[in-house]
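Next comes work38.csv, a file with CSV, C-alpha atoms.
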chain,number,residue,atom,x,y,z
A,1,MET,CA,34.0,-59.5,2.8
A,2,THR,CA,34.5,-56.5,0.6
A,3,LEU,CA,31.2,-57.2,-1.2
A,4,GLY,CA,29.3,-57.4,2.1
A,5,LEU,CA,30.8,-54.0,3.2
A,6,ALA,CA,29.8,-52.4,-0.1
A,7,THR,CA,26.3,-53.8,0.2
A,8,ALA,CA,25.9,-52.5,3.7
A,9,TYR,CA,27.3,-49.1,2.7
A,10,ILE,CA,24.7,-48.9,-0.1
A,11,LEU,CA,21.9,-49.9,2.1
A,12,THR,CA,22.9,-47.3,4.7
A,13,LEU,CA,23.0,-44.6,2.1
A,14,GLY,CA,19.5,-45.7,0.9
A,15,VAL,CA,18.1,-45.5,4.4
A,16,VAL,CA,19.6,-42.1,5.1
A,17,TYR,CA,18.3,-40.8,1.8
A,18,TYR,CA,14.8,-42.1,2.4
A,19,ALA,CA,14.8,-40.6,5.9
A,20,PHE,CA,16.0,-37.2,4.5
A,21,VAL,CA,13.3,-37.3,1.8
A,22,ARG,CA,10.5,-37.9,4.3
A,23,TRP,CA,11.8,-35.2,6.6
A,24,TYR,CA,12.1,-32.7,3.7
A,25,ARG,CA,8.6,-33.4,2.5
A,26,ALA,CA,7.2,-33.1,6.0
A,27,SER,CA,8.9,-29.7,6.6
A,28,LYS,CA,7.7,-28.4,3.2
A,29,SER,CA,4.2,-29.6,4.1
A,30,ARG,CA,4.2,-27.6,7.3
A,31,ASP,CA,5.4,-24.5,5.5
A,32,VAL,CA,2.7,-24.8,2.9
A,33,VAL,CA,0.0,-25.4,5.5
A,34,ALA,CA,1.2,-22.3,7.4
A,35,SER,CA,0.7,-20.1,4.3
A,36,THR,CA,-2.4,-21.5,2.7
A,37,GLY,CA,-4.7,-18.6,3.5
A,38,PRO,CA,-6.3,-17.0,6.5
A,39,THR,CA,-8.4,-20.0,7.6
A,40,GLU,CA,-5.8,-22.7,7.3
A,41,TRP,CA,-8.4,-24.8,5.6
A,42,PHE,CA,-11.2,-23.9,8.0
A,43,GLU,CA,-9.4,-25.2,11.2
A,44,ASP,CA,-10.7,-22.0,12.9
A,45,GLY,CA,-14.2,-23.3,12.5
A,46,HIS,CA,-17.0,-21.4,10.6
A,47,PRO,CA,-18.1,-18.4,12.7
A,48,SER,CA,-20.8,-17.2,10.4
A,49,ARG,CA,-22.3,-20.8,10.2
A,50,ALA,CA,-22.2,-21.0,14.0
A,51,ALA,CA,-23.9,-17.6,14.3
A,52,TYR,CA,-26.6,-18.6,11.9
A,53,PHE,CA,-27.5,-21.8,13.8
A,54,LYS,CA,-27.4,-19.8,17.1
A,55,LEU,CA,-29.9,-17.4,15.7
A,56,TYR,CA,-32.0,-20.2,14.3
A,57,ASP,CA,-32.2,-22.0,17.7
A,58,ALA,CA,-33.3,-18.8,19.4
A,59,MET,CA,-36.2,-18.4,17.0
A,60,PRO,CA,-39.7,-19.5,17.9
A,61,ASP,CA,-41.3,-22.5,16.3
A,62,GLU,CA,-43.5,-20.3,14.1
A,63,LEU,CA,-41.4,-17.9,12.1
A,64,GLY,CA,-42.8,-14.5,11.3
A,65,ALA,CA,-41.7,-12.1,8.6
A,66,SER,CA,-39.2,-10.3,10.9
A,67,GLU,CA,-37.7,-13.7,12.0
A,68,ILE,CA,-37.3,-14.8,8.4
A,69,LYS,CA,-35.7,-11.5,7.5
A,70,LYS,CA,-33.1,-11.9,10.3
A,71,LEU,CA,-32.4,-15.5,9.3
A,72,LYS,CA,-32.0,-14.5,5.6
A,73,ALA,CA,-29.5,-11.8,6.5
A,74,ALA,CA,-27.5,-14.2,8.7
A,75,LEU,CA,-27.6,-16.9,5.9
A,76,LEU,CA,-26.4,-14.3,3.4
A,77,VAL,CA,-23.4,-13.6,5.6
A,78,ARG,CA,-22.7,-17.3,5.9
A,79,ALA,CA,-23.0,-17.7,2.1
A,80,LYS,CA,-20.5,-14.8,1.5
A,81,ALA,CA,-18.0,-16.5,3.8
A,82,ASN,CA,-18.4,-19.7,1.8
A,83,VAL,CA,-17.8,-17.8,-1.4
A,84,ARG,CA,-14.6,-16.4,-0.1
A,85,ARG,CA,-13.4,-19.8,1.0
A,86,VAL,CA,-14.2,-21.3,-2.4
A,87,LEU,CA,-12.0,-18.6,-4.0
A,88,SER,CA,-9.2,-19.3,-1.5
A,89,LEU,CA,-9.4,-23.0,-2.2
A,90,ARG,CA,-9.1,-22.5,-5.9
A,91,GLU,CA,-5.9,-20.5,-5.4
A,92,ASP,CA,-4.5,-23.1,-3.1
A,93,ARG,CA,-5.3,-26.0,-5.5
A,94,ALA,CA,-3.1,-24.6,-8.3
A,95,THR,CA,-0.2,-24.1,-5.9
A,96,LEU,CA,-0.5,-27.4,-4.1
A,97,ALA,CA,-1.0,-29.3,-7.4
A,98,HIS,CA,2.3,-27.9,-8.6
A,99,LEU,CA,4.1,-28.8,-5.4
A,100,LEU,CA,2.7,-32.3,-5.5
A,101,ARG,CA,3.9,-32.9,-9.0
A,102,ASN,CA,7.4,-31.7,-8.0
A,103,GLY,CA,7.4,-33.9,-4.9
A,104,ALA,CA,7.6,-30.9,-2.5
A,105,ILE,CA,4.5,-32.1,-0.5
A,106,GLY,CA,3.2,-35.4,0.5
A,107,ASP,CA,0.0,-37.2,-0.2
A,108,ASP,CA,-1.3,-36.6,3.3
A,109,LEU,CA,-1.4,-32.9,2.7
A,110,TRP,CA,-3.2,-33.3,-0.6
A,111,ALA,CA,-5.7,-35.6,1.0
A,112,GLU,CA,-6.4,-33.0,3.7
A,113,PHE,CA,-6.9,-30.3,1.0
A,114,THR,CA,-9.3,-32.4,-1.0
A,115,LYS,CA,-11.3,-33.1,2.2
A,116,ALA,CA,-11.6,-29.3,2.7
A,117,GLU,CA,-13.0,-29.1,-0.8
A,118,GLU,CA,-15.6,-31.7,0.0
A,119,ASP,CA,-16.5,-30.0,3.2
A,120,ILE,CA,-17.1,-26.7,1.4
A,121,ASN,CA,-19.3,-28.4,-1.2
A,122,LEU,CA,-21.4,-29.9,1.5
A,123,GLU,CA,-21.6,-26.5,3.2
A,124,ILE,CA,-22.8,-24.9,0.0
A,125,GLN,CA,-25.5,-27.5,-0.5
A,126,GLU,CA,-26.7,-27.0,3.1
A,127,CYS,CA,-26.9,-23.3,2.6
A,128,MET,CA,-29.0,-23.7,-0.5
A,129,ARG,CA,-31.4,-26.0,1.4
A,130,GLU,CA,-31.7,-23.5,4.2
A,131,ALA,CA,-32.3,-20.7,1.7
A,132,GLU,CA,-35.0,-22.7,0.0
A,133,ASP,CA,-36.7,-23.4,3.3
A,134,LEU,CA,-36.7,-19.7,4.1
A,135,GLN,CA,-38.0,-18.6,0.8
A,136,ARG,CA,-39.0,-20.8,-2.1
A,137,GLY,CA,-36.8,-20.3,-5.1
A,138,TRP,CA,-34.1,-18.5,-3.2
A,139,GLY,CA,-31.8,-21.6,-3.0
A,140,ASN,CA,-30.6,-21.2,-6.6
A,141,GLY,CA,-30.1,-17.5,-6.2
A,142,LEU,CA,-28.4,-17.3,-2.8
A,143,PHE,CA,-24.8,-17.6,-4.0
A,144,GLY,CA,-25.3,-15.3,-6.9
A,145,GLU,CA,-26.6,-12.7,-4.5
A,146,ALA,CA,-23.6,-13.4,-2.2
A,147,SER,CA,-21.1,-13.0,-5.0
A,148,GLN,CA,-22.7,-9.8,-6.1
A,149,ALA,CA,-22.6,-8.5,-2.5
A,150,ILE,CA,-18.9,-9.3,-2.3
A,151,GLN,CA,-18.2,-7.5,-5.5
A,152,GLU,CA,-20.1,-4.4,-4.3
A,153,GLU,CA,-18.2,-4.5,-1.0
A,154,ALA,CA,-14.9,-4.7,-3.0
A,155,GLN,CA,-16.0,-1.7,-5.1
A,156,ARG,CA,-16.9,0.3,-2.0
A,157,ILE,CA,-13.5,-0.5,-0.5
A,158,GLU,CA,-11.8,0.5,-3.6
A,159,ALA,CA,-13.8,3.7,-3.9
A,160,GLU,CA,-13.0,4.6,-0.3
A,161,GLN,CA,-9.3,4.0,-1.0
A,162,GLN,CA,-9.5,6.2,-4.0
A,163,ARG,CA,-11.2,8.9,-2.0
A,164,ILE,CA,-8.5,8.8,0.7
A,165,LEU,CA,-5.8,9.0,-1.9
A,166,ALA,CA,-7.5,11.9,-3.7
A,167,GLU,CA,-7.9,13.7,-0.3
A,168,ARG,CA,-4.2,13.2,0.5
A,169,GLN,CA,-3.3,14.4,-2.9
A,170,ARG,CA,-5.4,17.5,-2.5
A,171,GLU,CA,-3.9,18.2,0.9
A,172,ALA,CA,-0.4,17.8,-0.6
A,173,ASN,CA,-1.2,20.1,-3.5
A,174,LEU,CA,-2.6,22.7,-1.1
A,175,MET,CA,0.5,22.5,1.1
A,176,ARG,CA,2.7,22.9,-2.0
A,177,ALA,CA,0.7,25.9,-3.2
A,178,MET,CA,1.0,27.5,0.2
A,179,GLN,CA,4.8,26.9,0.3
A,180,GLU,CA,5.1,28.4,-3.2
A,181,ALA,CA,3.0,31.4,-2.3
A,182,ALA,CA,5.1,32.0,0.8
A,183,ALA,CA,8.3,31.7,-1.3
A,184,ARG,CA,7.0,34.2,-3.8
A,185,LYS,CA,6.0,36.6,-1.0
A,186,GLN,CA,9.4,36.4,0.5
A,187,ALA,CA,11.1,37.0,-2.9
A,188,GLU,CA,8.8,40.0,-3.5
A,189,ALA,CA,9.7,41.4,-0.1
A,190,ALA,CA,13.4,41.0,-0.7
A,191,GLY,CA,13.0,42.8,-4.1
A,192,SER,CA,11.1,45.6,-2.6
A,193,ASP,CA,13.8,46.2,0.0
A,194,ASN,CA,16.4,46.4,-2.8
A,195,ASP,CA,14.3,49.0,-4.8
A,196,ASP,CA,13.9,51.2,-1.7
A,197,ASP,CA,17.7,51.2,-1.2
A,198,VAL,CA,18.3,52.2,-4.8
A,199,GLU,CA,15.7,55.0,-4.5
A,200,GLU,CA,17.3,56.3,-1.3
A,201,ILE,CA,20.7,56.5,-2.9
A,202,VAL,CA,19.3,58.4,-6.0
A,203,ALA,CA,17.3,60.8,-3.9
A,204,ASP,CA,20.2,61.8,-1.5
A,205,PRO,CA,23.6,61.1,-3.1
A,206,LYS,CA,26.6,61.7,-1.0
A,207,PRO,CA,28.9,64.6,-2.3
A,208,LYS,CA,32.3,63.6,-3.3
A,209,PRO,CA,35.1,65.2,-1.3
A,210,ALA,CA,37.0,68.0,-3.2
A,211,ALA,CA,40.4,67.1,-4.3
A,212,GLY,CA,43.2,69.2,-2.6
A,213,PRO,CA,45.7,71.2,-4.6
A,214,ARG,CA,48.6,69.4,-6.1
A,215,ARG,CA,52.0,70.1,-4.8
A,216,GLY,CA,53.8,72.8,-6.8
A,217,SER,CA,50.7,74.2,-8.3
A,218,THR,CA,50.8,77.4,-6.3
A,219,SER,CA,54.5,78.2,-6.9
A,220,SER,CA,54.0,77.5,-10.6
A,221,THR,CA,51.2,80.0,-10.7
A,222,LYS,CA,53.2,82.6,-8.9
A,223,SER,CA,56.2,82.2,-11.2
A,224,ASN,CA,53.9,82.4,-14.3
A,225,ASN,CA,52.5,85.7,-13.0
A,226,ALA,CA,55.9,87.0,-12.1
A,227,GLY,CA,57.2,86.7,-15.7
A,228,PRO,CA,54.9,89.3,-17.2
A,229,GLN,CA,55.5,91.7,-14.3
A,230,ARG,CA,59.2,91.6,-14.8
A,231,ARG,CA,58.9,92.2,-18.6
A,232,ASN,CA,56.7,95.2,-17.9
A,233,SER,CA,59.2,96.7,-15.5
A,234,ALA,CA,62.1,96.3,-18.0
A,235,ALA,CA,59.9,98.0,-20.7
A,236,LYS,CA,59.3,101.0,-18.4
A,237,VAL,CA,63.0,101.4,-17.7
A,238,ALA,CA,63.9,101.4,-21.4
A,239,ASP,CA,61.3,104.1,-22.1
A,240,ALA,CA,62.7,106.3,-19.4
Written as structure tokens, how would this file's structure read?
Amino acid sequence: MTLGLATAYILTLGVVYYAFVRWYRASKSRDVVASTGPTEWFEDGHPSRAAYFKLYDAMPDELGASEIKKLKAALLVRAKANVRRVLSLREDRATLAHLLRNGAIGDDLWAEFTKAEEDINLEIQECMREAEDLQRGWGNGLFGEASQAIQEEAQRIEAEQQRILAERQREANLMRAMQEAAARKQAEAAGSDNDDDVEEIVADPKPKPAAGPRRGSTSSTKSNNAGPQRRNSAAKVADA
């Protein structure tokens, strides 16, 4: 009886663990799919491809130089979109391979990813055939031209960003220079006011009030003067 209960307990734990692992891998797969780039492995379709075939179907049976030029421009846009998708898939492959080795994603997600790689390879081959039909020898150079166009676009974007940053820096420097000039002007005005006050004081100094006579000074002077007068009077009496 005890052995049977232990066996049932172990089997129950195994089933619960298996269910948890499947749920965990499914949830991780959904998270990875939600963050695998802007196209979610091309589930939004291929707008540039659809635009190319729409333009192609609107063309007459006999293509002239102007029609071929328009188709080449549309095919180049389609090729640039494919180059961007190839680069995105390369980044996703490294991340997904690491998650697959660690058991964080299931085989179904990896199979979906490899199917996306196969689809983009077929799309590239189709673009090369279309390019060869439009211009002999262009099939081998289409994606090189598309890659170069993408690099030039990236350089233009970077140059524009640098220009914007430089313009903002120039405006900031100009604003700081204006603030510093205003501060200097204010300081100079304050110094000029102080100099005017000093010159006014020097040119028209206020006279100090005269000190009044000290107490007892008058009586002292009188007593000092009275002494000689008394001596002179005594001398006169003696002579008489």
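Near Asn140 (chain A), within 10 Å and counting only C-alpha atoms, sit Met128, Arg129, Ala131, Glu132, Arg136, Gly144 and Glu145 of chain A; same-chain residues fewer than 4 positions away were not included.
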* Quick one: everything within 10 Å of Lys72 (chain A), counting only C-alpha atoms, minus sequence neighbours fewer than 5 positions away in the same chain. Send it as a PyMOL selection string. => chain A and resi 52+66-67+77-78+130-131+134-135+138+142
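Across the structure, CA of Asn173 (chain A) and CA of Gly191 (chain A) are spaced 26.8 Å apart.
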* Contacts of Val86 (chain A) at 12 Å or less, counting all atoms listed in the file, minus same-chain residues fewer than 2 places along, as a list in words? -> Gly37, Thr39, Trp41, Phe42, Ala79, Lys80, Ala81, Asn82, Val83, Arg84, Ser88, Leu89, Arg90, Glu91, Asp92, Arg93, Ala116, Glu117, Glu118, Asp119, Ile120, Asn121, Leu122, Glu123, Ile124, Phe143 and Ser147 of chain A
Please dump the current selection as a PDB file, in the coordinates of the input; keep C-alpha atoms.
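Written file, out_32.pdb:
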ATOM      1  CA  GLY A  37      -4.700 -18.600   3.500  1.00  0.00           C
ATOM      2  CA  THR A  39      -8.400 -20.000   7.600  1.00  0.00           C
ATOM      3  CA  TRP A  41      -8.400 -24.800   5.600  1.00  0.00           C
ATOM      4  CA  PHE A  42     -11.200 -23.900   8.000  1.00  0.00           C
ATOM      5  CA  ALA A  79     -23.000 -17.700   2.100  1.00  0.00           C
ATOM      6  CA  LYS A  80     -20.500 -14.800   1.500  1.00  0.00           C
ATOM      7  CA  ALA A  81     -18.000 -16.500   3.800  1.00  0.00           C
ATOM      8  CA  ASN A  82     -18.400 -19.700   1.800  1.00  0.00           C
ATOM      9  CA  VAL A  83     -17.800 -17.800  -1.400  1.00  0.00           C
ATOM     10  CA  ARG A  84     -14.600 -16.400  -0.100  1.00  0.00           C
ATOM     11  CA  SER A  88      -9.200 -19.300  -1.500  1.00  0.00           C
ATOM     12  CA  LEU A  89      -9.400 -23.000  -2.200  1.00  0.00           C
ATOM     13  CA  ARG A  90      -9.100 -22.500  -5.900  1.00  0.00           C
ATOM     14  CA  GLU A  91      -5.900 -20.500  -5.400  1.00  0.00           C
ATOM     15  CA  ASP A  92      -4.500 -23.100  -3.100  1.00  0.00           C
ATOM     16  CA  ARG A  93      -5.300 -26.000  -5.500  1.00  0.00           C
ATOM     17  CA  ALA A 116     -11.600 -29.300   2.700  1.00  0.00           C
ATOM     18  CA  GLU A 117     -13.000 -29.100  -0.800  1.00  0.00           C
ATOM     19  CA  GLU A 118     -15.600 -31.700   0.000  1.00  0.00           C
ATOM     20  CA  ASP A 119     -16.500 -30.000   3.200  1.00  0.00           C
ATOM     21  CA  ILE A 120     -17.100 -26.700   1.400  1.00  0.00           C
ATOM     22  CA  ASN A 121     -19.300 -28.400  -1.200  1.00  0.00           C
ATOM     23  CA  LEU A 122     -21.400 -29.900   1.500  1.00  0.00           C
ATOM     24  CA  GLU A 123     -21.600 -26.500   3.200  1.00  0.00           C
ATOM     25  CA  ILE A 124     -22.800 -24.900   0.000  1.00  0.00           C
ATOM     26  CA  PHE A 143     -24.800 -17.600  -4.000  1.00  0.00           C
ATOM     27  CA  SER A 147     -21.100 -13.000  -5.000  1.00  0.00           C
TER      28      SER A 147
END
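The interatomic distance for the pair CA of Lys54 (chain A) and CA of Ala74 (chain A) works out to 10.1 Å.
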* Asked: Can you tell me how far CA of Lys115 (chain A) sits from CA of His98 (chain A), in Å to one decimal?
  -> 18.1 Å
Kindly list the centre and edge lengths in Å, rounded to one decimal, for the axis-aligned box that covers all listed atoms of region 125-143 of chain A plus 8 Å on each of its six sides, as AutoDock Vina command-line options.
--center_x -31.9 --center_y -22.4 --center_z -1.2 --size_x 30.2 --size_y 26.2 --size_z 26.8
